[in-house]
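Content type mmCIF, C-alpha atoms, from the file query.cif:
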```cif
data_input
loop_
_atom_site.label_atom_id
_atom_site.label_comp_id
_atom_site.auth_asym_id
_atom_site.auth_seq_id
_atom_site.Cartn_x
_atom_site.Cartn_y
_atom_site.Cartn_z
CA MET A 820 78.84 92.32 168.70
CA SER A 821 78.93 96.00 169.54
CA ASN A 822 79.04 98.96 167.24
CA GLU A 823 79.85 101.55 169.88
CA ALA A 824 83.25 103.26 169.81
CA PRO A 825 85.28 102.32 172.92
CA SER A 826 86.56 105.90 173.41
CA ALA A 827 86.33 109.42 172.00
CA ARG A 828 89.51 109.18 169.95
CA THR A 829 88.48 105.90 168.32
CA ARG A 830 85.07 107.28 167.29
CA LEU A 831 84.96 108.34 163.66
CA LYS A 832 83.89 111.93 163.26
CA ARG A 833 84.26 112.15 159.49
CA ALA A 834 82.19 109.63 157.49
CA PRO A 835 80.95 107.86 160.66
CA GLU A 836 79.10 105.28 158.53
CA ARG A 837 82.53 103.81 157.66
CA GLY A 838 83.33 103.03 161.29
CA ALA A 839 83.11 99.54 162.76
CA TYR A 840 83.81 98.62 166.33
CA ASP A 841 82.90 94.92 166.39
CA ARG A 842 85.68 92.41 166.96
CA GLN A 843 84.64 90.18 164.06
CA THR A 844 85.38 92.99 161.57
CA ILE A 845 88.50 94.08 163.44
CA ASP A 846 89.95 90.58 163.83
CA ALA A 847 89.42 89.72 160.14
CA ILE A 848 91.39 92.82 159.10
CA LEU A 849 94.17 92.05 161.59
CA ASP A 850 94.42 88.37 160.68
CA GLU A 851 94.69 89.04 156.93
CA GLY A 852 97.40 91.72 157.16
CA LEU A 853 101.12 90.99 156.82
CA ILE A 854 102.58 94.14 158.36
CA CYS A 855 101.44 96.91 160.66
CA HIS A 856 102.70 100.43 161.26
CA VAL A 857 103.40 101.41 164.89
CA ALA A 858 103.83 105.04 165.91
CA PHE A 859 104.96 106.51 169.19
CA ALA A 860 106.30 109.88 170.27
CA THR A 861 108.93 111.28 172.58
CA ASP A 862 108.52 114.98 173.48
CA SER A 863 105.77 115.16 170.81
CA ARG A 864 108.26 114.09 168.12
CA PRO A 865 106.58 111.21 166.33
CA ALA A 866 108.35 108.14 164.98
CA MET A 867 106.97 105.10 163.22
CA ILE A 868 108.07 101.65 162.06
CA PRO A 869 106.53 99.13 159.70
CA THR A 870 106.84 95.70 161.33
CA ILE A 871 105.19 92.31 161.59
CA TYR A 872 102.68 91.46 164.29
CA ALA A 873 100.35 88.67 165.36
CA ARG A 874 96.97 88.63 167.02
CA VAL A 875 96.33 86.07 169.74
CA GLY A 876 92.91 86.44 171.31
CA ASP A 877 92.63 89.95 172.75
CA HIS A 878 96.25 90.97 172.15
CA VAL A 879 98.53 91.90 169.33
CA TYR A 880 102.18 90.99 169.73
CA LEU A 881 105.18 92.84 168.33
CA HIS A 882 108.82 91.87 168.53
CA GLY A 883 112.24 93.11 167.66
CA ALA A 884 115.84 93.26 168.74
CA VAL A 885 116.31 94.23 172.38
CA ALA A 886 118.64 96.98 171.12
CA ASN A 887 115.97 98.39 168.72
CA ARG A 888 115.24 102.07 169.47
CA THR A 889 111.53 101.82 168.78
CA LEU A 890 111.04 98.69 170.84
CA ARG A 891 113.05 100.21 173.72
CA ALA A 892 110.97 103.38 173.63
CA LEU A 893 107.72 101.42 173.59
CA ALA A 894 108.85 99.09 176.37
CA ASP A 895 109.34 102.17 178.57
CA GLY A 896 105.55 102.50 178.73
CA LEU A 897 104.99 105.09 176.02
CA GLU A 898 101.65 105.33 174.32
CA ALA A 899 101.57 103.64 170.95
CA CYS A 900 99.31 103.85 167.94
CA PHE A 901 99.11 100.66 165.86
CA CYS A 902 97.57 100.49 162.38
CA VAL A 903 96.90 97.75 159.81
CA SER A 904 95.60 98.85 156.38
CA HIS A 905 94.45 96.94 153.30
CA VAL A 906 93.86 98.60 149.92
CA ASP A 907 90.97 96.83 148.17
CA GLY A 908 90.21 99.10 145.22
CA ILE A 909 90.89 102.30 143.34
CA VAL A 910 87.67 104.31 143.15
CA ILE A 911 87.46 106.35 139.95
CA ALA A 912 84.78 109.00 140.08
CA ARG A 913 83.49 111.54 137.56
CA SER A 914 84.78 114.45 139.66
CA ALA A 915 88.32 114.82 141.01
CA PHE A 916 86.83 115.42 144.45
CA HIS A 917 85.14 112.02 144.73
CA HIS A 918 88.11 109.87 143.70
CA SER A 919 88.81 107.53 146.57
CA ILE A 920 90.28 104.23 147.74
CA ASN A 921 88.36 101.19 148.93
CA TYR A 922 90.16 100.07 152.06
CA ARG A 923 89.92 98.33 155.40
CA SER A 924 91.97 99.64 158.31
CA VAL A 925 92.27 99.09 162.04
CA ILE A 926 93.64 101.64 164.50
CA LEU A 927 94.60 100.59 168.03
CA TYR A 928 95.70 103.02 170.76
CA GLY A 929 97.35 101.88 173.96
CA ILE A 930 100.48 101.25 175.94
CA ALA A 931 102.69 98.42 174.72
CA GLU A 932 103.72 96.16 177.59
CA LEU A 933 107.02 94.31 177.57
CA VAL A 934 106.25 90.59 177.97
CA SER A 935 108.57 88.94 180.49
CA ASP A 936 106.99 85.50 181.02
CA GLU A 937 109.14 83.07 179.03
CA ALA A 938 106.25 80.78 178.09
CA GLU A 939 104.20 83.72 176.78
CA ARG A 940 107.25 85.04 174.93
CA MET A 941 107.70 81.70 173.17
CA LEU A 942 103.99 81.50 172.31
CA ALA A 943 104.18 85.03 170.92
CA LEU A 944 107.18 84.18 168.74
CA ARG A 945 105.30 81.15 167.42
CA ALA A 946 102.29 83.36 166.71
CA LEU A 947 104.50 85.91 164.90
CA VAL A 948 105.96 83.22 162.62
CA GLU A 949 102.58 81.57 162.03
CA HIS A 950 100.73 84.85 161.49
CA VAL A 951 102.84 85.18 158.33
CA VAL A 952 103.26 81.46 157.52
CA PRO A 953 100.53 79.34 159.14
CA GLU A 954 101.64 75.81 160.15
CA ARG A 955 105.34 76.73 159.90
CA TRP A 956 106.43 76.30 163.53
CA PRO A 957 106.81 72.49 163.72
CA ASP A 958 109.22 72.63 160.77
CA VAL A 959 111.66 75.27 162.08
CA ARG A 960 114.58 75.23 164.45
CA ALA A 961 113.05 76.86 167.56
CA PRO A 962 114.62 79.96 169.17
CA ASN A 963 117.62 79.14 171.37
CA GLU A 964 118.53 80.84 174.64
CA GLN A 965 120.75 83.45 173.00
CA GLU A 966 118.07 84.37 170.43
CA MET A 967 115.47 84.66 173.20
CA LYS A 968 117.78 87.03 175.12
CA ARG A 969 118.23 89.24 172.07
CA THR A 970 114.49 89.47 171.35
CA ALA A 971 112.02 91.83 172.99
CA VAL A 972 108.34 90.87 172.83
CA LEU A 973 105.67 93.51 173.38
CA ARG A 974 101.91 93.26 173.54
CA MET A 975 99.02 95.66 173.18
CA THR A 976 95.47 94.89 174.27
CA LEU A 977 92.63 95.13 171.75
CA ASP A 978 90.73 97.58 173.89
CA GLU A 979 90.79 101.07 172.38
CA VAL A 980 90.43 99.80 168.83
CA SER A 981 88.32 100.64 165.78
CA ALA A 982 88.03 99.70 162.13
CA LYS A 983 87.23 101.84 159.12
CA VAL A 984 86.00 100.38 155.86
CA ARG A 985 85.08 101.82 152.47
CA THR A 986 83.54 99.56 149.83
CA GLY A 987 81.58 99.96 146.64
CA PRO A 988 81.41 102.26 143.64
CA PRO A 989 82.20 106.00 143.51
CA ILE A 990 79.61 108.33 145.03
CA ASP A 991 79.43 111.30 142.69
CA ASP A 992 77.47 114.52 142.97
CA GLU A 993 74.06 113.98 141.39
CA ASP A 994 74.72 116.45 138.54
CA ASP A 995 77.96 114.67 137.59
CA TYR A 996 76.31 111.32 136.75
CA ALA A 997 75.39 112.75 133.35
CA LEU A 998 79.05 113.34 132.43
CA ASP A 999 80.52 111.40 129.57
CA THR A 1000 83.45 109.87 131.49
CA TRP A 1001 84.12 106.33 132.70
CA ALA A 1002 83.66 105.68 136.42
CA GLY A 1003 84.07 102.57 138.52
CA VAL A 1004 86.51 100.59 140.61
CA ILE A 1005 89.81 98.84 139.84
CA PRO A 1006 90.01 95.93 142.33
CA VAL A 1007 93.30 95.66 144.22
CA ARG A 1008 94.58 92.57 145.99
CA THR A 1009 97.79 91.11 147.36
CA ALA A 1010 99.04 88.29 145.13
CA PHE A 1011 101.55 85.57 145.94
CA GLY A 1012 103.94 84.13 143.36
CA ALA A 1013 105.45 80.68 142.99
CA PRO A 1014 107.90 80.02 145.85
CA ILE A 1015 111.59 80.65 145.04
CA GLN A 1016 113.78 78.16 146.82
CA ASP A 1017 116.85 79.29 148.73
CA PRO A 1018 119.91 78.74 146.47
CA ARG A 1019 121.48 76.88 149.39
CA LEU A 1020 118.53 74.49 149.87
CA THR A 1021 119.56 70.82 150.10
CA SER A 1022 118.37 69.13 146.91
CA GLY A 1023 115.20 67.05 147.04
CA ILE A 1024 113.28 69.16 149.58
CA ASP A 1025 109.93 70.24 148.12
CA PRO A 1026 107.98 73.22 149.42
CA PRO A 1027 105.42 72.09 152.03
CA PRO A 1028 101.71 72.58 151.21
CA TYR A 1029 101.50 75.71 153.40
CA VAL A 1030 104.14 77.28 151.11
CA ALA A 1031 103.05 75.81 147.76
CA ALA A 1032 99.40 76.82 148.31
CA TYR A 1033 100.06 80.05 150.22
CA ALA A 1034 97.04 82.35 150.45
CA ARG A 1035 95.69 85.22 152.53
CA PRO A 1036 93.47 85.29 154.41
CA PRO A 1037 94.93 81.97 155.52
CA ALA A 1038 92.76 78.87 155.08
CA SER A 1039 93.39 77.96 158.73
CA PRO A 1040 93.52 81.26 160.57
CA THR A 1041 95.86 81.71 163.49
CA GLY A 1042 94.93 84.02 166.33
CA VAL A 1043 91.77 82.08 167.07
CA ASP A 1044 90.57 82.68 170.60
CA MET B 248 123.65 110.15 144.50
CA SER B 249 124.49 110.20 148.19
CA ASN B 250 124.38 107.37 150.64
CA GLU B 251 124.80 109.48 153.75
CA ALA B 252 121.91 109.72 156.21
CA PRO B 253 120.57 113.31 156.35
CA SER B 254 120.21 113.24 160.17
CA ALA B 255 120.81 111.06 163.20
CA ARG B 256 117.23 109.84 163.43
CA THR B 257 117.11 108.79 159.77
CA ARG B 258 120.38 106.82 160.06
CA LEU B 259 119.77 103.10 160.41
CA LYS B 260 121.42 101.70 163.50
CA ARG B 261 120.16 98.11 163.18
CA ALA B 262 121.10 96.37 159.90
CA PRO B 263 122.72 99.54 158.44
CA GLU B 264 123.39 97.70 155.15
CA ARG B 265 119.64 97.92 154.47
CA GLY B 266 119.63 101.74 154.54
CA ALA B 267 119.48 103.85 151.40
CA TYR B 268 119.54 107.61 151.31
CA ASP B 269 119.66 108.31 147.57
CA ARG B 270 116.66 109.98 145.98
CA GLN B 271 116.45 107.50 143.10
CA THR B 272 115.69 104.65 145.52
CA ILE B 273 113.45 106.84 147.69
CA ASP B 274 111.45 108.29 144.76
CA ALA B 275 110.85 104.87 143.19
CA ILE B 276 109.36 103.58 146.46
CA LEU B 277 107.20 106.70 146.86
CA ASP B 278 105.97 106.71 143.25
CA GLU B 279 104.93 103.04 143.33
CA GLY B 280 102.95 103.20 146.60
CA LEU B 281 99.21 103.81 146.79
CA ILE B 282 98.86 104.87 150.42
CA CYS B 283 101.09 106.21 153.17
CA HIS B 284 100.76 106.26 156.94
CA VAL B 285 101.21 109.62 158.65
CA ALA B 286 101.82 109.87 162.40
CA PHE B 287 101.90 112.89 164.65
CA ALA B 288 101.59 113.45 168.39
CA THR B 289 99.98 115.87 170.78
CA ASP B 290 101.36 115.78 174.34
CA SER B 291 103.31 112.64 173.37
CA ARG B 292 100.05 110.84 172.52
CA PRO B 293 100.60 109.44 169.04
CA ALA B 294 97.95 109.22 166.34
CA MET B 295 98.17 107.94 162.79
CA ILE B 296 96.15 107.83 159.59
CA PRO B 297 96.49 105.84 156.39
CA THR B 298 95.90 108.22 153.48
CA ILE B 299 96.84 108.91 149.88
CA TYR B 300 99.73 111.14 148.90
CA ALA B 301 101.62 112.31 145.83
CA ARG B 302 105.24 113.21 145.23
CA VAL B 303 105.99 116.26 143.09
CA GLY B 304 109.71 116.96 142.85
CA ASP B 305 111.04 117.46 146.37
CA HIS B 306 107.68 117.43 148.14
CA VAL B 307 105.00 114.99 149.14
CA TYR B 308 101.47 116.33 149.26
CA LEU B 309 98.66 115.19 151.55
CA HIS B 310 95.08 116.34 151.57
CA GLY B 311 91.86 115.95 153.47
CA ALA B 312 88.77 117.67 154.69
CA VAL B 313 89.44 121.02 156.35
CA ALA B 314 87.50 119.66 159.33
CA ASN B 315 89.69 116.53 159.60
CA ARG B 316 91.33 116.26 163.06
CA THR B 317 94.62 114.90 161.77
CA LEU B 318 94.96 117.48 159.02
CA ARG B 319 94.09 120.27 161.45
CA ALA B 320 96.70 119.06 163.94
CA LEU B 321 99.35 118.80 161.23
CA ALA B 322 98.51 122.21 159.78
CA ASP B 323 99.24 123.70 163.22
CA GLY B 324 102.92 122.99 162.59
CA LEU B 325 103.29 119.73 164.48
CA GLU B 326 106.10 117.37 163.57
CA ALA B 327 104.96 114.52 161.37
CA CYS B 328 106.36 111.14 160.49
CA PHE B 329 105.37 109.84 157.04
CA CYS B 330 105.92 106.26 155.90
CA VAL B 331 105.34 104.28 152.68
CA SER B 332 105.93 100.50 152.80
CA HIS B 333 105.84 97.75 150.17
CA VAL B 334 105.89 94.06 151.03
CA ASP B 335 107.83 92.18 148.32
CA GLY B 336 108.28 88.72 149.78
CA ILE B 337 107.81 86.35 152.68
CA VAL B 338 111.22 85.05 153.76
CA ILE B 339 111.02 81.52 155.10
CA ALA B 340 114.13 80.49 156.99
CA ARG B 341 115.25 77.25 158.65
CA SER B 342 115.15 78.86 162.10
CA ALA B 343 112.22 80.79 163.58
CA PHE B 344 114.62 83.64 164.36
CA HIS B 345 115.59 84.31 160.75
CA HIS B 346 112.10 84.43 159.27
CA SER B 347 111.65 87.83 157.70
CA ILE B 348 109.90 89.98 155.11
CA ASN B 349 111.38 91.41 151.93
CA TYR B 350 110.24 95.01 151.86
CA ARG B 351 110.95 98.53 150.70
CA SER B 352 110.01 101.42 152.97
CA VAL B 353 110.56 105.16 153.16
CA ILE B 354 110.40 107.21 156.35
CA LEU B 355 110.18 110.99 156.21
CA TYR B 356 110.31 113.29 159.24
CA GLY B 357 109.35 116.91 159.13
CA ILE B 358 106.76 119.60 159.64
CA ALA B 359 103.77 119.51 157.31
CA GLU B 360 103.06 122.98 155.92
CA LEU B 361 99.56 124.05 154.97
CA VAL B 362 99.61 125.10 151.31
CA SER B 363 97.72 128.34 150.74
CA ASP B 364 98.63 129.30 147.17
CA GLU B 365 95.59 128.39 145.06
CA ALA B 366 97.62 127.41 141.98
CA GLU B 367 99.84 125.09 144.03
CA ARG B 368 96.75 123.67 145.76
CA MET B 369 95.20 122.82 142.38
CA LEU B 370 98.45 121.29 141.11
CA ALA B 371 98.65 119.22 144.29
CA LEU B 372 95.09 117.94 143.85
CA ARG B 373 95.89 116.98 140.28
CA ALA B 374 99.04 115.19 141.49
CA LEU B 375 97.01 113.35 144.16
CA VAL B 376 94.50 112.08 141.58
CA GLU B 377 97.22 111.19 139.07
CA HIS B 378 99.50 109.57 141.63
CA VAL B 379 96.77 106.93 141.95
CA VAL B 380 95.40 107.07 138.36
CA PRO B 381 97.96 108.52 135.93
CA GLU B 382 96.44 110.51 133.02
CA ARG B 383 93.08 110.81 134.80
CA TRP B 384 92.89 114.59 135.28
CA PRO B 385 91.78 115.73 131.78
CA ASP B 386 88.77 113.36 132.01
CA VAL B 387 87.34 114.52 135.35
CA ARG B 388 85.16 117.38 136.46
CA ALA B 389 87.73 119.66 138.18
CA PRO B 390 87.28 120.82 141.78
CA ASN B 391 84.84 123.70 142.15
CA GLU B 392 85.16 126.61 144.54
CA GLN B 393 83.18 124.94 147.31
CA GLU B 394 85.25 121.74 147.09
CA MET B 395 88.47 123.76 147.17
CA LYS B 396 87.25 125.54 150.32
CA ARG B 397 86.51 122.24 152.02
CA THR B 398 89.92 120.73 151.18
CA ALA B 399 93.16 121.25 153.09
CA VAL B 400 96.40 120.57 151.21
CA LEU B 401 99.61 119.96 153.15
CA ARG B 402 103.14 119.38 151.99
CA MET B 403 106.27 117.93 153.49
CA THR B 404 109.76 118.40 152.05
CA LEU B 405 111.86 115.36 151.14
CA ASP B 406 114.69 116.45 153.36
CA GLU B 407 114.99 114.25 156.44
CA VAL B 408 114.16 111.08 154.54
CA SER B 409 115.55 107.56 154.29
CA ALA B 410 114.71 104.23 152.69
CA LYS B 411 115.15 100.72 154.02
CA VAL B 412 115.19 97.71 151.75
CA ARG B 413 115.49 93.95 152.31
CA THR B 414 115.83 91.64 149.33
CA GLY B 415 116.96 88.10 148.68
CA PRO B 416 116.84 84.69 150.33
CA PRO B 417 116.82 83.90 154.05
CA ILE B 418 120.14 84.29 155.87
CA ASP B 419 120.32 81.36 158.27
CA ASP B 420 122.90 80.50 160.88
CA GLU B 421 125.62 78.41 159.25
CA ASP B 422 124.78 75.28 161.28
CA ASP B 423 121.12 75.45 160.24
CA TYR B 424 121.77 75.07 156.49
CA ALA B 425 122.11 71.31 157.04
CA LEU B 426 118.52 71.05 158.36
CA ASP B 427 116.01 69.06 156.39
CA THR B 428 113.40 71.84 156.00
CA TRP B 429 112.36 73.92 153.00
CA ALA B 430 113.59 77.52 152.90
CA GLY B 431 113.10 80.31 150.40
CA VAL B 432 110.90 83.25 149.50
CA ILE B 433 107.24 83.58 148.52
CA PRO B 434 107.07 86.64 146.22
CA VAL B 435 104.37 89.17 147.12
CA ARG B 436 102.98 91.81 144.80
CA THR B 437 99.99 94.10 144.45
CA ALA B 438 97.66 92.87 141.70
CA PHE B 439 94.93 94.77 139.88
CA GLY B 440 91.74 93.11 138.67
CA ALA B 441 89.51 93.85 135.70
CA PRO B 442 87.78 97.23 136.16
CA ILE B 443 84.23 97.08 137.56
CA GLN B 444 82.09 99.78 136.04
CA ASP B 445 79.88 101.97 138.21
CA PRO B 446 76.31 100.56 138.07
CA ARG B 447 75.18 104.07 137.20
CA LEU B 448 77.59 104.47 134.26
CA THR B 449 75.93 105.73 131.06
CA SER B 450 75.90 102.84 128.60
CA GLY B 451 78.52 102.77 125.86
CA ILE B 452 81.40 104.32 127.81
CA ASP B 453 84.41 102.00 127.75
CA PRO B 454 87.21 102.18 130.33
CA PRO B 455 90.06 104.38 129.04
CA PRO B 456 93.48 102.72 128.44
CA TYR B 457 94.86 104.06 131.73
CA VAL B 458 92.11 102.08 133.50
CA ALA B 459 91.99 98.99 131.26
CA ALA B 460 95.79 98.54 131.41
CA TYR B 461 96.30 99.78 134.96
CA ALA B 462 99.69 98.85 136.45
CA ARG B 463 102.07 99.91 139.19
CA PRO B 464 104.68 101.23 139.03
CA PRO B 465 102.87 103.35 136.40
CA ALA B 466 104.17 103.19 132.83
CA SER B 467 104.31 107.00 132.75
CA PRO B 468 105.30 108.02 136.25
CA THR B 469 103.92 111.18 137.80
CA GLY B 470 105.99 113.17 140.24
CA VAL B 471 108.80 113.62 137.73
CA ASP B 472 110.97 116.62 138.58
#
```
Have the structure of the file written as structure tokens, please.
Amino acid sequence: MSNEAPSARTRLKRAPERGAYDRQTIDAILDEGLICHVAFATDSRPAMIPTIYARVGDHVYLHGAVANRTLRALADGLEACFCVSHVDGIVIARSAFHHSINYRSVILYGIAELVSDEAERMLALRALVEHVVPERWPDVRAPNEQEMKRTAVLRMTLDEVSAKVRTGPPIDDEDDYALDTWAGVIPVRTAFGAPIQDPRLTSGIDPPPYVAAYARPPASPTGVD
Amino acid sequence: MSNEAPSARTRLKRAPERGAYDRQTIDAILDEGLICHVAFATDSRPAMIPTIYARVGDHVYLHGAVANRTLRALADGLEACFCVSHVDGIVIARSAFHHSINYRSVILYGIAELVSDEAERMLALRALVEHVVPERWPDVRAPNEQEMKRTAVLRMTLDEVSAKVRTGPPIDDEDDYALDTWAGVIPVRTAFGAPIQDPRLTSGIDPPPYVAAYARPPASPTGVD
């Protein structure tokens, strides 16, 4: 477990104590998230999409329609910047200046490679489904040839990657602790409601345990090396 | 209320029925979110930060330390891409291919301007605090001269902006509806826990109503025109 930044641009310059470069911290943030944001640029004009992803070992996989502009641009070997962020708390300080957010985020820089090996593509699609809904794959109709043709799968390597984490109470200026105003943290989490069945569901099919007891981080994490 | 895309790059090419270009939809997504992701590029190398923001009328404001690399780059007049995303549901289909996410997202392209007018800077800082914690400003110690000097405020105009929304059950291939597998949606929402007071809080200070009954979207929205 290393706590050295892998490159200059991944090293935190502001608030360096919030930086983490160990894979245990990074993988936990990635495996809990539902969506990522991926940015790229053509002629220094940036673009970004929110999308789903999955970690498998030392890679994150992305997918989309072959005709998708973003995926096409990335598959051409452009540099990408990938980010997953969790908001964990609203930090309410005594001064406006020290209001903050408790969060965990991962930033990954790199080139997204188009995956062409059919076996790896299928494994990636399974990982993408099971990143969001662990244990789902055996119960679905698998991708057919036409769906595989329409789907581009990309991967980025967890190489130039870093995490940033803020936890705990507000940190106010020493003089401000005497002020007569409430300070503290409102915890924030992602909550999951009771499953709503598809109106067209055949009667008598109950939600499987992985749906009825859905939770994140998943009880049986995917993406294990 | 218009449903015309303001530019070619904001017009949805894939799944155009999910696009929305009216400000009512866009503003509701912006006002509910806690954080945004902002991307920019230098020499076609993309970078991105998750950060807080606030909408005031036709602008979104961003802020950060004057020394912050991202803020400095943006203040130099680089193009930025700003995104706010909400995950509303996990869409579980009968086929792997039709698994999806219910979401609401806004993408804004433009140049971030450095705000230099001191009155607008102060209003923006108030909006940034009250975007996250409505009604908070009168209870805090306001920014002092030194804090104002250390803080850069940027704004982007809600001009080249679009929303994308997916709602509802899975849409499976017609043949797959006969399959004997559960399908539907797991609702996802952001939940707020009971406030945790700062260990250094002076005894006898109760959380104000805007903390004790915290909710999003806020009961009294900020950012109203």
Judged by only C-alpha atoms, the minimum distance to chain B among A:Asp992, A:Glu954, A:Glu836, A:Asp999 is found for A:Asp999
Which residues of range 931-1029 of chain A come within 10 Å of range 442-457 of chain B, and for each one, what is the closest pair of atoms and their distance in Å to one decimal, counting all atoms listed in the file, sorted by chain and residue number, as a tab-separated table?
```
residue	atom	partner	partner_atom	distance
A:Gly987	CA	B:Asp445	CA	8.8
A:Pro988	CA	B:Asp445	CA	5.6
A:Pro989	CA	B:Asp445	CA	7.1
A:Ile990	CA	B:Asp445	CA	9.3
A:Tyr996	CA	B:Arg447	CA	7.4
A:Ala997	CA	B:Thr449	CA	7.4
A:Leu998	CA	B:Thr449	CA	8.3
A:Asp999	CA	B:Ile452	CA	7.3
A:Thr1000	CA	B:Ile452	CA	7.0
A:Trp1001	CA	B:Pro454	CA	5.7
A:Ala1002	CA	B:Asp445	CA	5.6
A:Gly1003	CA	B:Gln444	CA	4.2
A:Val1004	CA	B:Ile443	CA	5.2
A:Ile1005	CA	B:Pro442	CA	4.5
A:Pro1006	CA	B:Pro442	CA	6.7
A:Val1007	CA	B:Pro442	CA	9.9
```
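Going from CA of Asp991 in chain A over to CA of Ser914 in chain A, you cover 6.9 Å.
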Which residues, named as in the file, does the PyMOL selection byres ((chain A and resi 846) around 12) pick out? Answer as a ChimeraX atom specification.
/A:839-845,847-852,873-879,903,923-927,977,980-982,1036,1040-1044
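With distances restricted to all atoms listed in the file, A:Glu898 is the closest residue to Thr289 in chain B from A:Glu993, A:Arg888, A:Glu898, A:Ile920.
Among the candidates B:Ala343, B:Leu401, B:Ala322, B:Val313, the residue lying nearest to chain A is B:Ala343 (atoms considered: only C-alpha atoms).
From CA of Glu377 in chain B back to CA of Pro465 in chain B, the distance works out to 10.0 Å.
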With only C-alpha atoms counted, which protein, DNA or RNA residues have an atom no more than 6 Å from (107.3, 113.6, 156.7) in the file frame? Please answer as a PyMOL selection string.
chain B and resi 327-329+355-357+403
Around (108.1, 115.9, 171.1), as given in the file, which residues come within 12 Å? Count all atoms listed in the file and list them as a ChimeraX atom specification.
/A:859-866 /B:287-293,325-328
Which residues, named as in the file, does the PyMOL selection byres ((chain B and resi 309) around 7) pick out? Answer as a PyMOL selection string.
chain B and resi 299-300+307-308+310+400-402
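Proximity ranking of A:Tyr922, A:Arg828, A:Glu979, A:Ala938 relative to Gly908 in chain A places A:Tyr922 first, based on all atoms listed in the file.
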Which one of B:Arg388, B:Lys411, B:Arg265, B:His378 sits closest to chain A if you count only C-alpha atoms?
B:Arg388
Grab the CA of Val906 in chain A to CA of Val412 in chain B distance for me, in Å with one decimal place.
21.4 Å
Give me the result of the PyMOL selection byres ((chain A and resi 937) around 12) on this file, residue by residue, as a VMD selection string.
chain A and resid 933 to 936 938 to 944 962 964 967 to 968 970 to 972
Any chance you could export the current selection's C-alpha atoms as a CSV table (one decimal), in the frame of the given file?
```
chain,number,residue,atom,x,y,z
A,933,LEU,CA,107.0,94.3,177.6
A,934,VAL,CA,106.2,90.6,178.0
A,935,SER,CA,108.6,88.9,180.5
A,936,ASP,CA,107.0,85.5,181.0
A,938,ALA,CA,106.2,80.8,178.1
A,939,GLU,CA,104.2,83.7,176.8
A,940,ARG,CA,107.2,85.0,174.9
A,941,MET,CA,107.7,81.7,173.2
A,942,LEU,CA,104.0,81.5,172.3
A,943,ALA,CA,104.2,85.0,170.9
A,944,LEU,CA,107.2,84.2,168.7
A,962,PRO,CA,114.6,80.0,169.2
A,964,GLU,CA,118.5,80.8,174.6
A,967,MET,CA,115.5,84.7,173.2
A,968,LYS,CA,117.8,87.0,175.1
A,970,THR,CA,114.5,89.5,171.4
A,971,ALA,CA,112.0,91.8,173.0
A,972,VAL,CA,108.3,90.9,172.8
```
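Comparing A:Pro953, A:Pro869, A:Pro835, A:Gly896 by their smallest distance to chain B, the closest is A:Pro869 (using only C-alpha atoms).
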